[in-house]
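Asker: Pasting a structure below so you can have a look.
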There are 2 protein chains.
Amino acid sequence: MQKNPVQCQFVVALDSIVGKWKPIILYHLLQGKTLRFNELRRLLPDITQRMLTLHLRELEEEEIIKRVIYPQIPPKVEYSITEYGMSLSPILETLHQWGVAHVERKQLKKANNEQIETD
Amino acid sequence: MQKNPVQCQFVVALDSIVGKWKPIILYHLLQGKTLRFNELRRLLPDITQRMLTLHLRELEEEEIIKRVIYPQIPPKVEYSITEYGMSLSPILETLHQWGVAHVERKQLKKANNEQIETD
DNA sequence: TGGTATAGTATTAAAAAAGGTACTGTAAAG
DNA sequence: CTTTACAGTACCTTTTTTAATACTATACCA
């Protein structure tokens with residue numbers, strides 16, 4: 001993921017939530033549920049263990065999520081959103097809505113083009 | 001910039017505004033001004049011509065910005081936000097606010113740590 | 001005649017991000 | 001006795017982004 005020198009507040013904000021998988025991870029955790037490592041893995045079927053670990057660590061580093069280790073075998077580690085992480089909720093929500101509208105707009109456009117071509 | 005298959009609305013939305021420079025480009029254009037290529041370049045001193053071109057083309061592709069070419073020499077090309085691009089305004093605004101708060105929080109934390117260390 | 005401004009493109013190189021595979025230790029289930 | 005679940009780590013490769021440099025055409029200015 002891109003890491004920029006702090007030049008701009010946009011960039012600071014985006015660094016925290018961007019990465020191929022972070023928005024999806026946050027989406028699940030923002031539901032308020034506590035999830036174990038493999039539970040998250042099942043929710044994101046295409047992510048590799050390595051990528052999940054890396055992204056979770058970065059989110060933890062920024063205190064957006066909380067990582068709780070239970071010292072037992074087999075291991076148990078739980079992830080949940082922090083109160084601070086909750087402050088991302090409006091951004092993700094707005095972003096999600098825009099994404100939905102953007103996809104609809106594209107499909108509408110595509111449909112229109114096909115209409116014209118087959119006329 | 002990362003381009004994902006459409007798996008998730010977050011990703012669709014993020015693809016449109018992420019890229020090392022897109023938020024800053026949009027920030028300037030969302031002021032409503034029309035800017036020429038080199039004017040933008042002067043506003044983003046560290047960007048290379050190539051990167052500016054690439055990002056502008058991507059934003060144009062998504063109809064977030066408009067590119068108007070004046071057939072004259074030396075060349076003149078003007079960039080401005082589209083009406084559709086304006087719909088990104090709330091996202092960028094929320095993002096910016098969060099960025100500001102996030103930086104403040106980090107600095108506060110850093111100050112606290114230094115306080116403890118020197119005690 | 002030489003230099004400057006404009007909006008780029010082309011090419012190559014470097015850096016960053018993501019992906020793939022194999023491996024770990026241990027308890028419990030079958 | 002073998003397999004499975006768990007939560008990773010280590011190592012290496014591939015892909016994607018970004019950067020750096022040189023180059024284009026032509027009108028205008030001195």
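How things are named: the first chain in the structure tokens is A, the next is B, and so on; residues count from 1 in each chain; ligands count from 1 in the order shown.
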Could you give the C-alpha RMSD in Å for chain B superposed on chain A, pairing all atoms in order?
Answerer: 0.1 Å
Asker: Write out as a list in words the residues lying within 12 Å of DG3 of chain C, counting only C-alpha atoms (C1' of nucleotides) and excluding same-chain residues fewer than 3 positions away.
Answerer: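 The contact residues come out as DC28, DC29 and DA30 of chain D.
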Asker: Just want the 9 Å neighbourhood of segment 18-29 of chain C, counted on only C-alpha atoms (C1' of nucleotides), with same-chain residues fewer than 4 positions away dropped. Output as a list of chain:residue names.
Answerer: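 Counting only the stated atoms, we get A:Met1, A:Lys20, A:Thr48, A:Arg50, A:Met51, A:Ile73, A:Pro74, D:DT3, D:DT4, D:DG8, D:DT9, D:DA10, D:DC11, D:DC12, D:DT13, D:DT14, D:DT15, D:DT16.
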Asker: Create the file for the chosen residues now, containing C-alpha atoms (C1' of nucleotides) and written as a PDB file, in the first residue's frame.
Answerer:
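Generated file (result_13.pdb):
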ATOM      1  CA  MET A   1       0.000   0.000   0.000  1.00  0.00           C
ATOM      2  CA  LYS A  20      -6.789  -3.590  -1.248  1.00  0.00           C
ATOM      3  CA  THR A  48      -4.234 -14.655   1.625  1.00  0.00           C
ATOM      4  CA  ARG A  50      -0.296 -12.984   4.727  1.00  0.00           C
ATOM      5  CA  MET A  51      -2.305 -10.051   3.374  1.00  0.00           C
ATOM      6  CA  ILE A  73      -3.950 -23.799  22.214  1.00  0.00           C
ATOM      7  CA  PRO A  74      -5.053 -23.817  19.494  1.00  0.00           C
TER       8      PRO A  74
ATOM      9  C1'  DT D   3      -5.867 -35.340  10.569  1.00  0.00           C
ATOM     10  C1'  DT D   4      -7.761 -30.869  11.482  1.00  0.00           C
ATOM     11  C1'  DG D   8       0.267 -16.924  12.178  1.00  0.00           C
ATOM     12  C1'  DT D   9       5.802 -16.418   9.987  1.00  0.00           C
ATOM     13  C1'  DA D  10       9.467 -16.852   6.321  1.00  0.00           C
ATOM     14  C1'  DC D  11      10.840 -16.607   1.917  1.00  0.00           C
ATOM     15  C1'  DC D  12      10.389 -15.704  -2.815  1.00  0.00           C
ATOM     16  C1'  DT D  13       8.012 -14.095  -7.133  1.00  0.00           C
ATOM     17  C1'  DT D  14       4.984 -11.296  -9.722  1.00  0.00           C
ATOM     18  C1'  DT D  15       2.380  -7.291 -10.577  1.00  0.00           C
ATOM     19  C1'  DT D  16       1.408  -2.599 -10.075  1.00  0.00           C
TER      20       DT D  16
END
Asker: Identify all chain C residues at most 12 Å from chain B by counting only C-alpha atoms (C1' of nucleotides); ligands do not count. Present them as a count of residues only.
Answerer: 10
Asker: Sorted by chain and rising residue number, which residues of chain D lie within 10 Å of chain B, and what are their closest atom pairs and distances in Å to one decimal, counting only C-alpha atoms (C1' of nucleotides), as CSV?
Answerer:
residue,atom,partner,partner_atom,distance
D:DT16,C1',B:Gln2,CA,6.8
D:DT17,C1',B:Met1,CA,5.8
D:DT18,C1',B:Met51,CA,7.7
D:DA19,C1',B:Thr48,CA,7.7
D:DA20,C1',B:Thr48,CA,9.0
D:DA25,C1',B:Pro74,CA,9.0
D:DT26,C1',B:Ile73,CA,6.3
D:DA27,C1',B:Ile73,CA,5.8
D:DC28,C1',B:Pro74,CA,9.1
Asker: Pick out the residues sitting within 9 Å of Leu44 of chain A, and hand them over as a count of residues only; count only C-alpha atoms (C1' of nucleotides), and ignore anything fewer than 5 positions along from it in its own chain.
Answerer: 5
Asker: Given a cut-off of 10 Å, which residues of chain A touch chain B, counting only C-alpha atoms, written out as a PyMOL selection string?
Answerer: chain A and resi 1-4+6-24+27+62+84+87-88+90-103+106
Asker: For Leu29 of chain A, please output as a list in words all residues within 8 Å (counting only C-alpha atoms (C1' of nucleotides); exclusion window: fewer than 6 positions along the same chain).
Answerer: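 Surrounding residues, per the criterion: Leu35, Tyr79, Ser80 and Ile81 of chain A.
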Asker: Give the strand (DSSP E or B) residues of chain B, as DSSP finds them on the backbone, and put them as a list in words.
Answerer: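 Filtering chain B down to strand (DSSP E or B) leaves Leu35, Arg36, Ile65, Lys66, Arg67, Val68, Ile69, Tyr70, Lys76, Val77, Glu78, Tyr79, Ser80 and Ile81 of chain B.
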Asker: Convert the current residue selection to file output with C-alpha atoms, as a tab-separated table (two decimals), in the first residue's frame.
Answerer:
chain	number	residue	atom	x	y	z
B	35	LEU	CA	-7.14	25.04	-14.29
B	36	ARG	CA	-4.67	24.47	-17.08
B	65	ILE	CA	-13.37	15.98	-14.42
B	66	LYS	CA	-13.73	17.58	-17.83
B	67	ARG	CA	-10.88	18.19	-20.26
B	68	VAL	CA	-11.20	20.89	-22.86
B	69	ILE	CA	-8.59	21.22	-25.58
B	70	TYR	CA	-8.11	24.49	-27.38
B	76	LYS	CA	-4.00	24.98	-24.08
B	77	VAL	CA	-5.94	22.40	-22.15
B	78	GLU	CA	-8.32	23.22	-19.36
B	79	TYR	CA	-9.46	20.98	-16.56
B	80	SER	CA	-12.51	21.45	-14.40
B	81	ILE	CA	-14.76	19.43	-12.13
Asker: How many Å lie between atom CA of Glu114 of chain A and atom CA of Glu61 of chain B, rounded to one decimal?
Answerer: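 Spanning atom CA of Glu114 of chain A to atom CA of Glu61 of chain B is a straight-line distance of 18.5 Å.
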Asker: Record the distance separating atom CA of Glu63 of chain A and atom CA of Gly85 of chain A, expressed in Å with one decimal.
Answerer: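 Atom CA of Gly85 of chain A lies at a distance of 7.0 Å from atom CA of Glu63 of chain A.
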